[in-house]
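Beneath this line is the structure, given in structure tokens, with notes to follow.
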2 protein chains.
Amino acid sequence: MNRPETLHPEKSEHLFHEDIAELLPFADLDEAQVREILQLATVHRVGPDKTYFEEGDSADNFFVLLDGFTRVVRTTKDGEQVVVLHIAPGQMFGIAKAFESENYTMTARAASKGIALSWPSKLWDSFIEGYPGFRTASRKAVGSRVTEMQDKIVSLATQKVEQRIAQAILRLAEQAGKETEQGIEIDFPLSRQDISEMTGTTLHSVSRCMSRWQRQGLVRSQRRRVVVCQPEALLA
Amino acid sequence: MNRPETLHPEKSEHLFHEDIAELLPFADLDEAQVREILQLATVHRVGPDKTYFEEGDSADNFFVLLDGFTRVVRTTKDGEQVVVLHIAPGQMFGIAKAFESENYTMTARAASKGIALSWPSKLWDSFIEGYPGFRTASRKAVGSRVTEMQDKIVSLATQKVEQRIAQAILRLAEQAGKETEQGIEIDFPLSRQDISEMTGTTLHSVSRCMSRWQRQGLVRSQRRRVVVCQPEALLA
DNA sequence: CAGTGAATTTGCGCAAGAGCAAAGATAATT
DNA sequence: AATTATCTTTGCTCTTGCGCAAATTCACTG
């Protein structure tokens, strides 16, 4: 295979046709189409806690995350952050066009160092029409977001803090879990504060909860690192 | 104007081209197209608390609500109900096709007597392609749902019970408000229990809250009837 | 390798709100 | 008009978990 392929406008050592073509949004495309699409793409490399875009910004681009995890966040008037959902590599985000919206309604902040591709929103319709796989992927993206948000609403509305935290951690372990000898490690830095923003509680309550689980051997957690040892036990 | 037009398969005294054509999903259609679409529609008339479809059902149809209000509800394992959002007349619902989903993920239950039209899901793509207004409307429907769910998540995660209840009632007053001399009346039966299911609390807390507001003259509420007298004051 | 700053742990007191129970009110039914 | 079912109110207790504060640990930087 003929390796390095240049990406516009920034050259990249690690992004290849093969990698991109595997991503759901670009499934079923032939090589020429992939090249065509990549020509139009902009590469974004962001450090931890940097944003791809902010709530209220004009929705000029849509994105596909290549690497790293991204939090989709809403900030309240008094500065509190609420994490609404997480984006995993291969998923689209910033797809305001799918909502007929002129502006982003949330902020996309990198949980860890990340890479994403973006395209001008004006290309959205032509992608939808020209690439069936893209249309399917965009619908699935919307669907899984809606599902995730539903689950979060039900969780917030009916469960106690402890259950909410457990559920949030298990979901992340599923989306961003990496096998280790210890157990499943969540593959990006995750503080008590972060978890509290996902579950609508305080970092104190999260800390207490996790300490207890640590004592019981259910999880193993150091500073901003979380390893789930007994996923089943957390369900109880 | 030539009045009664028959709807398939059930004849109807109150549904006319003029009414339907005004609905957002069918904006920009000419009379022939409206007739075409209505030919394919099924009419549903449901009583209060009856469902249009249930969570888990095969998503065979998509709907447009013509009259009445509909709650979109999720039920937890232990039978608790959570109201995720409300559908107003003119809006689409049951649009699993937009999520590339085979089944409904929630239950649609009529808050009051209601009328809806439905079409087989297999027509979704042809509607999307054939009627630009329909495509736009479906995106807007998804967008407003996502926005509403985001707001609910933020509300549940950061606000106290009292604020959540106030916000929920104000939203309904906006979506389903009818002007009266007393103030804005929510135009369908709404019990304390219903409100608690929207806000993730108990009917007791809702009752206490509303009683206080009643004493302060902010609302006026009898059994399953809610009138908002001072919307601004509820914001505090 | 010491120093600095961020993340975490933990204790304590308190308030919000859930849970339970019982009474009262309102609408529907016969 | 009497009966019944449903909805609502309200009091009381008890738990959850927040808010505040202080101590501690950990990672990074100079």
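Chain lettering (A, B, ...) mirrors the order of the structure tokens, residue numbering begins at 1 for each chain separately, and ligand numbering begins at 1 in order of display.
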Q) What residues in chain D lie within 9 Å of chain B, counting only C-alpha atoms (C1' of nucleotides), written as a PyMOL selection string? A) chain D and resi 7-10
Please identify all polymer residues within 12 Å of DA1 of chain D, counting only C-alpha atoms (C1' of nucleotides), omitting same-chain residues fewer than 2 positions from it, and present them as a PDB file with N, CA and C atoms (P, O5', C5', C4', C3', O3' and C1' of nucleotides), in the first residue's frame.
```pdb
ATOM      1  P    DT C  29     -67.958   8.819  33.928  1.00  0.00           P
ATOM      2  O5'  DT C  29     -68.772   8.148  35.127  1.00  0.00           O
ATOM      3  C5'  DT C  29     -68.061   7.393  36.110  1.00  0.00           C
ATOM      4  C4'  DT C  29     -69.040   6.539  36.895  1.00  0.00           C
ATOM      5  C3'  DT C  29     -70.205   6.005  36.064  1.00  0.00           C
ATOM      6  O3'  DT C  29     -70.497   4.680  36.475  1.00  0.00           O
ATOM      7  C1'  DT C  29     -71.042   7.329  37.846  1.00  0.00           C
ATOM      8  P    DT C  30     -71.483   3.830  35.658  1.00  0.00           P
ATOM      9  O5'  DT C  30     -72.669   3.642  36.695  1.00  0.00           O
ATOM     10  C5'  DT C  30     -72.366   3.419  38.077  1.00  0.00           C
ATOM     11  C4'  DT C  30     -73.659   3.484  38.864  1.00  0.00           C
ATOM     12  C3'  DT C  30     -74.892   3.010  38.086  1.00  0.00           C
ATOM     13  O3'  DT C  30     -75.716   2.213  38.907  1.00  0.00           O
ATOM     14  C1'  DT C  30     -75.250   5.198  38.880  1.00  0.00           C
TER      15       DT C  30
ATOM     16  P    DT D   3     -74.742   6.466  49.829  1.00  0.00           P
ATOM     17  O5'  DT D   3     -73.753   6.178  48.639  1.00  0.00           O
ATOM     18  C5'  DT D   3     -74.221   5.459  47.486  1.00  0.00           C
ATOM     19  C4'  DT D   3     -73.050   5.195  46.554  1.00  0.00           C
ATOM     20  C3'  DT D   3     -71.746   4.816  47.257  1.00  0.00           C
ATOM     21  O3'  DT D   3     -71.189   3.694  46.584  1.00  0.00           O
ATOM     22  C1'  DT D   3     -71.374   6.634  45.792  1.00  0.00           C
TER      23       DT D   3
END
```
Q | Atom pair atom CA of Phe134 of chain B / atom CA of Leu24 of chain A: separation (Å) | A |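 Computing it gives 26.3 Å between the two atoms.
For segment 167-201 of chain B, the set of residues given alpha helix (DSSP H) by DSSP on the backbone reads Gln167, Ala168, Ile169, Leu170, Arg171, Leu172, Ala173, Glu174, Gln175, Ala176, Arg192, Gln193, Asp194, Ile195, Ser196, Glu197, Met198 and Thr199 of chain B.
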Next, the residues of the selection above should be written as an mmCIF file, in the first residue's frame with C-alpha atoms.
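This is the output file result_25.cif:
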```
data_model
loop_
_atom_site.group_PDB
_atom_site.id
_atom_site.type_symbol
_atom_site.label_atom_id
_atom_site.label_comp_id
_atom_site.auth_asym_id
_atom_site.auth_seq_id
_atom_site.Cartn_x
_atom_site.Cartn_y
_atom_site.Cartn_z
ATOM 1 C CA GLN B 167 -39.572 26.035 33.895
ATOM 2 C CA ALA B 168 -41.642 23.042 32.840
ATOM 3 C CA ILE B 169 -44.893 24.903 33.390
ATOM 4 C CA LEU B 170 -43.668 27.950 31.537
ATOM 5 C CA ARG B 171 -42.607 25.810 28.611
ATOM 6 C CA LEU B 172 -46.028 24.220 28.462
ATOM 7 C CA ALA B 173 -47.690 27.596 28.779
ATOM 8 C CA GLU B 174 -45.726 28.611 25.733
ATOM 9 C CA GLN B 175 -46.376 25.468 23.731
ATOM 10 C CA ALA B 176 -49.945 24.908 24.792
ATOM 11 C CA ARG B 192 -49.550 17.094 39.776
ATOM 12 C CA GLN B 193 -48.425 13.603 38.929
ATOM 13 C CA ASP B 194 -47.915 14.573 35.286
ATOM 14 C CA ILE B 195 -45.817 17.538 36.275
ATOM 15 C CA SER B 196 -43.720 15.424 38.600
ATOM 16 C CA GLU B 197 -43.042 13.006 35.757
ATOM 17 C CA MET B 198 -41.830 15.894 33.637
ATOM 18 C CA THR B 199 -39.517 17.260 36.297
#
```
Q: Skip DA28 of chain C itself and residues of its chain fewer than 6 positions away, then list as a ChimeraX atom specification all residues within 10 Å of it, counting only C-alpha atoms (C1' of nucleotides).
A: /D:4-6
Using C-alpha atoms (C1' of nucleotides), can you export the residues from the last selection as a short mmCIF file (atom, residue, chain, number, x, y, z; two decimals), in the first residue's frame?
```
data_model
loop_
_atom_site.label_atom_id
_atom_site.label_comp_id
_atom_site.auth_asym_id
_atom_site.auth_seq_id
_atom_site.Cartn_x
_atom_site.Cartn_y
_atom_site.Cartn_z
"C1'" DT D 4 -66.97 5.96 44.11
"C1'" DA D 5 -62.72 6.90 42.12
"C1'" DT D 6 -59.26 10.14 41.41
#
```
Q | Distance-based interface of chain C with chain A, 9 Å, counting only C-alpha atoms (C1' of nucleotides), as a list in words | A | DA7, DT8, DT9 and DT10 of chain C
Those same residues - C-alpha atoms (C1' of nucleotides) - I'd like them written as a compact mmCIF listing (two decimals), in the first residue's frame.
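Ended up saving to result_16.txt:
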```txt
# COMPACT_ATOMS: atom_id res chain seq x y z
C1' DA C 7 -7.09 17.05 42.20
C1' DT C 8 -8.81 14.35 45.75
C1' DT C 9 -10.33 12.84 50.24
C1' DT C 10 -12.87 13.33 54.29
```
Q: Based on DSSP run over this structure's backbone, return all residues of segment 14-196 of chain A in strand (DSSP E), as an NGL selection string.
A: :A and (42-46 or 51-53 or 61-67 or 70-75 or 81-87 or 92-93 or 107-110 or 114-120 or 177-179 or 184-186)
Can you build me a table of chain B residues sitting at most 9 Å from chain A, with the closest atom pair per residue and its distance in Å to one decimal, using only C-alpha atoms, sorted by chain and residue number, as a tab-separated table?
```
residue	atom	partner	partner_atom	distance
B:Arg74	CA	A:Val154	CA	7.5
B:Thr75	CA	A:Val154	CA	8.6
B:Thr76	CA	A:Val154	CA	7.8
B:Glu80	CA	A:Thr158	CA	7.8
B:Gln81	CA	A:Val154	CA	8.8
B:Val82	CA	A:Val154	CA	6.3
B:Val83	CA	A:Val154	CA	8.6
B:Val84	CA	A:Gln150	CA	7.0
B:Ala96	CA	A:Gly143	CA	8.2
B:Lys97	CA	A:Arg139	CA	8.2
B:Ala98	CA	A:Arg139	CA	5.9
B:Phe99	CA	A:Gly143	CA	4.1
B:Glu100	CA	A:Lys140	CA	5.6
B:Ser101	CA	A:Gly143	CA	7.2
B:Thr105	CA	A:Thr147	CA	7.7
B:Thr136	CA	A:Glu100	CA	6.9
B:Ala137	CA	A:Glu100	CA	8.6
B:Ser138	CA	A:Phe99	CA	8.5
B:Arg139	CA	A:Phe99	CA	4.8
B:Lys140	CA	A:Phe99	CA	5.5
B:Ala141	CA	A:Phe99	CA	7.7
B:Val142	CA	A:Phe99	CA	6.0
B:Gly143	CA	A:Phe99	CA	4.1
B:Ser144	CA	A:Phe99	CA	7.7
B:Arg145	CA	A:Val146	CA	8.6
B:Val146	CA	A:Val146	CA	6.8
B:Thr147	CA	A:Thr105	CA	7.6
B:Met149	CA	A:Met149	CA	6.8
B:Gln150	CA	A:Val84	CA	7.0
B:Lys152	CA	A:Ile153	CA	7.1
B:Ile153	CA	A:Ile153	CA	5.8
B:Val154	CA	A:Val82	CA	6.2
B:Leu156	CA	A:Leu156	CA	6.2
B:Ala157	CA	A:Gly200	CA	4.0
B:Thr158	CA	A:Gly200	CA	6.2
B:Glu197	CA	A:Ala157	CA	8.0
B:Met198	CA	A:Ala157	CA	8.3
B:Thr199	CA	A:Ala157	CA	6.8
B:Gly200	CA	A:Ala157	CA	3.9
B:Thr201	CA	A:Ala157	CA	7.1
```
I'd like the neighbourhood of segment 13-17 of chain D as a CSV table (one decimal) with C-alpha atoms (C1' of nucleotides), in the first residue's frame, where a residue qualifies if any of its atoms comes within 10 Å (using only C-alpha atoms (C1' of nucleotides)), though same-chain residues fewer than 6 positions away should be ignored.
```csv
chain,number,residue,atom,x,y,z
A,160,LYS,CA,-30.0,8.5,42.9
A,161,VAL,CA,-26.6,10.0,42.6
A,201,THR,CA,-23.9,16.3,41.2
A,202,THR,CA,-20.9,17.6,43.0
A,204,HIS,CA,-17.5,15.7,46.6
A,205,SER,CA,-20.3,13.2,46.1
C,16,DA,C1',-34.1,20.1,50.3
C,17,DG,C1',-37.0,17.0,49.2
C,18,DA,C1',-38.5,12.0,49.3
C,19,DG,C1',-41.4,8.7,51.5
C,20,DC,C1',-45.3,7.6,54.2
```
Q) So what do you get for atom CA of Gly114 of chain B versus atom CA of Lys77 of chain B, distance-wise? A)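 Between atom CA of Gly114 of chain B and atom CA of Lys77 of chain B the gap works out to 27.8 Å.
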Q) Expressed in Å to a single decimal, how great is the separation between atom CA of Asn61 of chain A and atom CA of Val43 of chain A? A)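 Between these atoms lies a distance of 11.7 Å.
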